[in-house]
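Heads up: the structure comes next, in structure tokens.
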Amino acid sequence: MIKPNQFIKILKKNKINFFAGVPDSLFASLCNYFQDYEKKNHILSTNEGSAVGLAIGYHLATGKVPLVYLQNSGLGNVINPAVSLSDKKIFNIPIFFLIGWRGELNKNNIQIKDEPQHKTQGQITKALLKILNIKFEVLNSKSNYVNIINRLSKYSKKNNKPVAILIRKNSFAGKKNIQVKKKNNFLTREIALQTVFDCIPKNIPKVSTTGMLSRELYEMNKKIKKEKNTFMCIGGMGHAISITSGLAMVKNKRKIICLDGDGSSLMHFGAMAVSAKMKNIIHIVFNNHAHDSVGGQTPPSENIEFYKISKQFGYSHSYKVNSKKEIVKKIKVAIKNKNNTFIEILCIKGHRDNLLRPSKEAAYYKKIFMKFIKEN
Ligand SMILES: Cc1ncc(C[n+]2csc(CCOP(=O)(O)OP(=O)(O)O)c2C)c(N)n1
């Protein structure tokens, strides 16, 4: 396996000294290394498209090749700035991409088992890179990464072109999750979520965000056989609140709950300008100051008080809570409120390693949810 520090050493030898991106569990140890040991040269971006923006700014200021890292799910966010700004027909800016290949295809073009949200993205990733005119090489644990980096960075500099390394699973050594040191009395996300779950009437629909939160919720629903009232936004990170808004617009006589994460919320923050207009939304952000689901990296939210900003966006009631008692109290009030509510729950990062994954096809969950919405 490749050691993150050795890999970064070779990047630096090639004068690649600036790193921006959104983390991916597939190469979490490298993402963690950027954050922990490259503090001055690294920005954890809120969105992969914004990481391209940061990279363009860095290039304009230095003339050097910046690096942007992402999970292949984030390619959709990259496409707009890549084809309308950094493309060779416009500003012609070189970028070195590192892309985690979820839903990867093996050498015989057979897809290895992965979550449903990664199936199509995994299949089209190479084709997308070709269409985007990004020269790429595939990396695994045994690859000669020194040669790959040397080759691609040389090509990128010489031709002023973007290049990419497509990373297979288990290429990098190191652990995904860092040990959590409990600094305060905050609840874990799972306990906070269970508290919310226990006090929401089961006839209220829920939309849950990407990552571990949906897996925790899935277990809770499964235990009491109430899976039908939940739409798990397993892909499309950051769009749970927009899905909630779409539902709320039509089902405007009833409350709809969005269970969101701080990283997800930041990824498409502007969506709150719309959700705040829906009177029947209860928007709950579980703020663990982390991308817990992909290795616990810290989003740039240390100074952000989501509940205060939600007020500015126009939410009628906004609260910040961190205990079971406060959670129960505010949820009860939110359900009774005539207008919408935003609740920020401060919690600590960390999750169980043995969380279940939804066992049926995604289409099954859509079907039972739509039936539930129709009948309620
Ligand atoms: C567009 C996109 N980029 C990145 C990812 C990888 N990813 C999945 S969950 C997650 C972290 C979500 O963070 P947050 O919303 O704070 O929730 P937490 O994991 O902390 O509960 C990331 C980066 C993704 N699924 N989609």
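Numbering starts fresh at 1 for the residues of each chain in the structure tokens, the chains themselves are lettered A, B, ... in the order given, and ligands are numbered from 1 as they appear.
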*Neighbourhood of ligand 1 at 9 Å, counting only C-alpha atoms and all ligand atoms, reported as a PyMOL selection string*: chain A and resi 22-25+47-48+70-77+117-118+189+209-214+234-238+260-267+285-299+349-351
*Residue list (helix (DSSP H, G or I), DSSP) for range 276-360 of chain A, as a ChimeraX atom specification*: /A:292-294,306-313,324-336
_Please identify the strand (DSSP E or B) residues within range 219-295 of chain A (assignment by DSSP from backbone atoms) and present them as a VMD selection string._
chain A and resid 230 to 232 256 to 261 281 to 287 291
*asked:* Residues within 12 Å of Asn106 in chain A, please, as a PyMOL selection string. Count only C-alpha atoms; anything in the same chain fewer than 5 positions from it doesn't count.
replied: chain A and resi 101+111-113+122-123+138-140+168-169
_Shell of 7 Å around Lys3 in chain A, only C-alpha atoms, local chain residues under 4 positions omitted, as an MDAnalysis selection string_ = chainID A and resid 7 172:173
Write the residues of the preceding selection, restricted to N, CA and C atoms, as a PDB file, in the first residue's frame.
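That gives us selection.pdb:
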ATOM      1  N   PHE A   7       3.703   9.711  -0.860  1.00  0.00           N
ATOM      2  CA  PHE A   7       2.968  10.165  -2.044  1.00  0.00           C
ATOM      3  C   PHE A   7       3.053  11.693  -2.149  1.00  0.00           C
ATOM      4  N   PHE A 172      -4.198   3.237  -0.532  1.00  0.00           N
ATOM      5  CA  PHE A 172      -3.384   3.937   0.468  1.00  0.00           C
ATOM      6  C   PHE A 172      -3.404   3.239   1.819  1.00  0.00           C
ATOM      7  N   ALA A 173      -2.255   3.249   2.475  1.00  0.00           N
ATOM      8  CA  ALA A 173      -2.164   2.686   3.823  1.00  0.00           C
ATOM      9  C   ALA A 173      -2.731   3.686   4.824  1.00  0.00           C
TER      10      ALA A 173
END
*asked:* Can you pull out the residues contacting Lys228 in chain A? Cut-off 12 Å, using only C-alpha atoms, and skip same-chain residues under 2 positions away; I want them as a list in words.
replied: Lys202, Asn203, Ile204, Pro205, Lys206, Val207, Leu217, Tyr218, Asn221, Lys222, Ile224, Lys225, Lys226, Thr230, Phe231, Met232, Tyr364, Tyr365, Lys366, Lys367, Ile368, Phe369, Met370, Lys371, Phe372, Ile373, Lys374, Glu375 and Asn376 of chain A
Write the residues of the selection above to a file with N, CA and C atoms, as a JSON list (two decimals), in the first residue's frame.
[["chain", "number", "residue", "atom", "x", "y", "z"],
["A", 202, "LYS", "N", -44.74, 9.08, 13.86],
["A", 202, "LYS", "CA", -44.34, 8.26, 12.71],
["A", 202, "LYS", "C", -45.08, 8.62, 11.42],
["A", 203, "ASN", "N", -46.08, 9.49, 11.51],
["A", 203, "ASN", "CA", -46.76, 9.91, 10.27],
["A", 203, "ASN", "C", -46.09, 11.12, 9.62],
["A", 204, "ILE", "N", -44.99, 11.60, 10.20],
["A", 204, "ILE", "CA", -44.27, 12.74, 9.59],
["A", 204, "ILE", "C", -43.15, 12.20, 8.70],
["A", 205, "PRO", "N", -43.13, 12.61, 7.41],
["A", 205, "PRO", "CA", -42.08, 12.13, 6.51],
["A", 205, "PRO", "C", -40.71, 12.75, 6.85],
["A", 206, "LYS", "N", -39.67, 11.94, 6.63],
["A", 206, "LYS", "CA", -38.30, 12.40, 6.92],
["A", 206, "LYS", "C", -37.43, 12.23, 5.68],
["A", 207, "VAL", "N", -36.57, 13.21, 5.47],
["A", 207, "VAL", "CA", -35.55, 13.08, 4.41],
["A", 207, "VAL", "C", -34.20, 13.14, 5.11],
["A", 217, "LEU", "N", -30.17, 5.90, 10.82],
["A", 217, "LEU", "CA", -31.63, 6.04, 10.76],
["A", 217, "LEU", "C", -32.27, 4.77, 10.19],
["A", 218, "TYR", "N", -31.60, 4.19, 9.21],
["A", 218, "TYR", "CA", -32.10, 2.95, 8.61],
["A", 218, "TYR", "C", -32.25, 1.87, 9.69],
["A", 221, "ASN", "N", -35.26, 2.72, 11.96],
["A", 221, "ASN", "CA", -36.51, 2.43, 11.25],
["A", 221, "ASN", "C", -36.77, 0.93, 11.17],
["A", 222, "LYS", "N", -35.70, 0.20, 10.88],
["A", 222, "LYS", "CA", -35.81, -1.25, 10.68],
["A", 222, "LYS", "C", -36.26, -1.94, 11.98],
["A", 224, "ILE", "N", -38.13, -0.90, 14.28],
["A", 224, "ILE", "CA", -39.57, -0.80, 14.60],
["A", 224, "ILE", "C", -40.43, -0.97, 13.33],
["A", 225, "LYS", "N", -39.81, -1.47, 12.28],
["A", 225, "LYS", "CA", -40.51, -1.75, 11.01],
["A", 225, "LYS", "C", -41.27, -0.54, 10.48],
["A", 226, "LYS", "N", -40.61, 0.64, 10.47],
["A", 226, "LYS", "CA", -41.25, 1.86, 9.97],
["A", 226, "LYS", "C", -40.35, 2.52, 8.92],
["A", 230, "THR", "N", -39.41, 7.33, 5.38],
["A", 230, "THR", "CA", -38.08, 7.96, 5.23],
["A", 230, "THR", "C", -37.56, 7.89, 3.80],
["A", 231, "PHE", "N", -37.08, 9.02, 3.30],
["A", 231, "PHE", "CA", -36.35, 9.02, 2.03],
["A", 231, "PHE", "C", -34.88, 9.27, 2.34],
["A", 232, "MET", "N", -34.05, 8.28, 2.07],
["A", 232, "MET", "CA", -32.62, 8.41, 2.37],
["A", 232, "MET", "C", -31.91, 8.98, 1.14],
["A", 364, "TYR", "N", -36.93, 0.23, -4.25],
["A", 364, "TYR", "CA", -37.91, -0.27, -3.27],
["A", 364, "TYR", "C", -38.23, 0.82, -2.24],
["A", 365, "TYR", "N", -37.17, 1.49, -1.76],
["A", 365, "TYR", "CA", -37.39, 2.52, -0.73],
["A", 365, "TYR", "C", -38.15, 3.71, -1.30],
["A", 366, "LYS", "N", -37.89, 4.00, -2.57],
["A", 366, "LYS", "CA", -38.63, 5.09, -3.22],
["A", 366, "LYS", "C", -40.11, 4.74, -3.28],
["A", 367, "LYS", "N", -40.37, 3.51, -3.67],
["A", 367, "LYS", "CA", -41.76, 3.08, -3.86],
["A", 367, "LYS", "C", -42.55, 3.15, -2.54],
["A", 368, "ILE", "N", -41.98, 2.61, -1.48],
["A", 368, "ILE", "CA", -42.74, 2.62, -0.21],
["A", 368, "ILE", "C", -42.88, 4.03, 0.34],
["A", 369, "PHE", "N", -41.87, 4.88, 0.05],
["A", 369, "PHE", "CA", -41.96, 6.27, 0.52],
["A", 369, "PHE", "C", -43.07, 7.01, -0.24],
["A", 370, "MET", "N", -43.12, 6.80, -1.54],
["A", 370, "MET", "CA", -44.15, 7.50, -2.34],
["A", 370, "MET", "C", -45.56, 7.05, -1.93],
["A", 371, "LYS", "N", -45.68, 5.78, -1.63],
["A", 371, "LYS", "CA", -46.98, 5.25, -1.17],
["A", 371, "LYS", "C", -47.36, 5.93, 0.16],
["A", 372, "PHE", "N", -46.36, 6.02, 1.02],
["A", 372, "PHE", "CA", -46.59, 6.64, 2.34],
["A", 372, "PHE", "C", -47.05, 8.11, 2.17],
["A", 373, "ILE", "N", -46.36, 8.82, 1.28],
["A", 373, "ILE", "CA", -46.68, 10.24, 1.05],
["A", 373, "ILE", "C", -48.10, 10.37, 0.50],
["A", 374, "LYS", "N", -48.45, 9.47, -0.38],
["A", 374, "LYS", "CA", -49.78, 9.51, -1.00],
["A", 374, "LYS", "C", -50.87, 9.28, 0.07],
["A", 375, "GLU", "N", -50.59, 8.36, 0.96],
["A", 375, "GLU", "CA", -51.62, 7.97, 1.95],
["A", 375, "GLU", "C", -51.66, 8.90, 3.16],
["A", 376, "ASN", "N", -50.66, 9.75, 3.32],
["A", 376, "ASN", "CA", -50.61, 10.58, 4.54],
["A", 376, "ASN", "C", -50.81, 12.06, 4.26]]
_Neighbour list for range 143-158 of chain A as a list in words, cut-off 7 Å, only C-alpha atoms, skip fewer than 2 positions in-chain_ =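 After dropping sequence-adjacent residues, the list is Ile10, Leu11, Asn14, Pro94, Leu139, Asn140, Ser141, Asn160, Lys161, Pro162 and Val163 of chain A.
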*Between A:Ala51, A:Lys330, A:Val78, A:Pro116, which is the closest to Lys360 in chain A once you count only C-alpha atoms?*
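Once distances to Lys360 in chain A are computed over only C-alpha atoms, the minimum belongs to A:Pro116.
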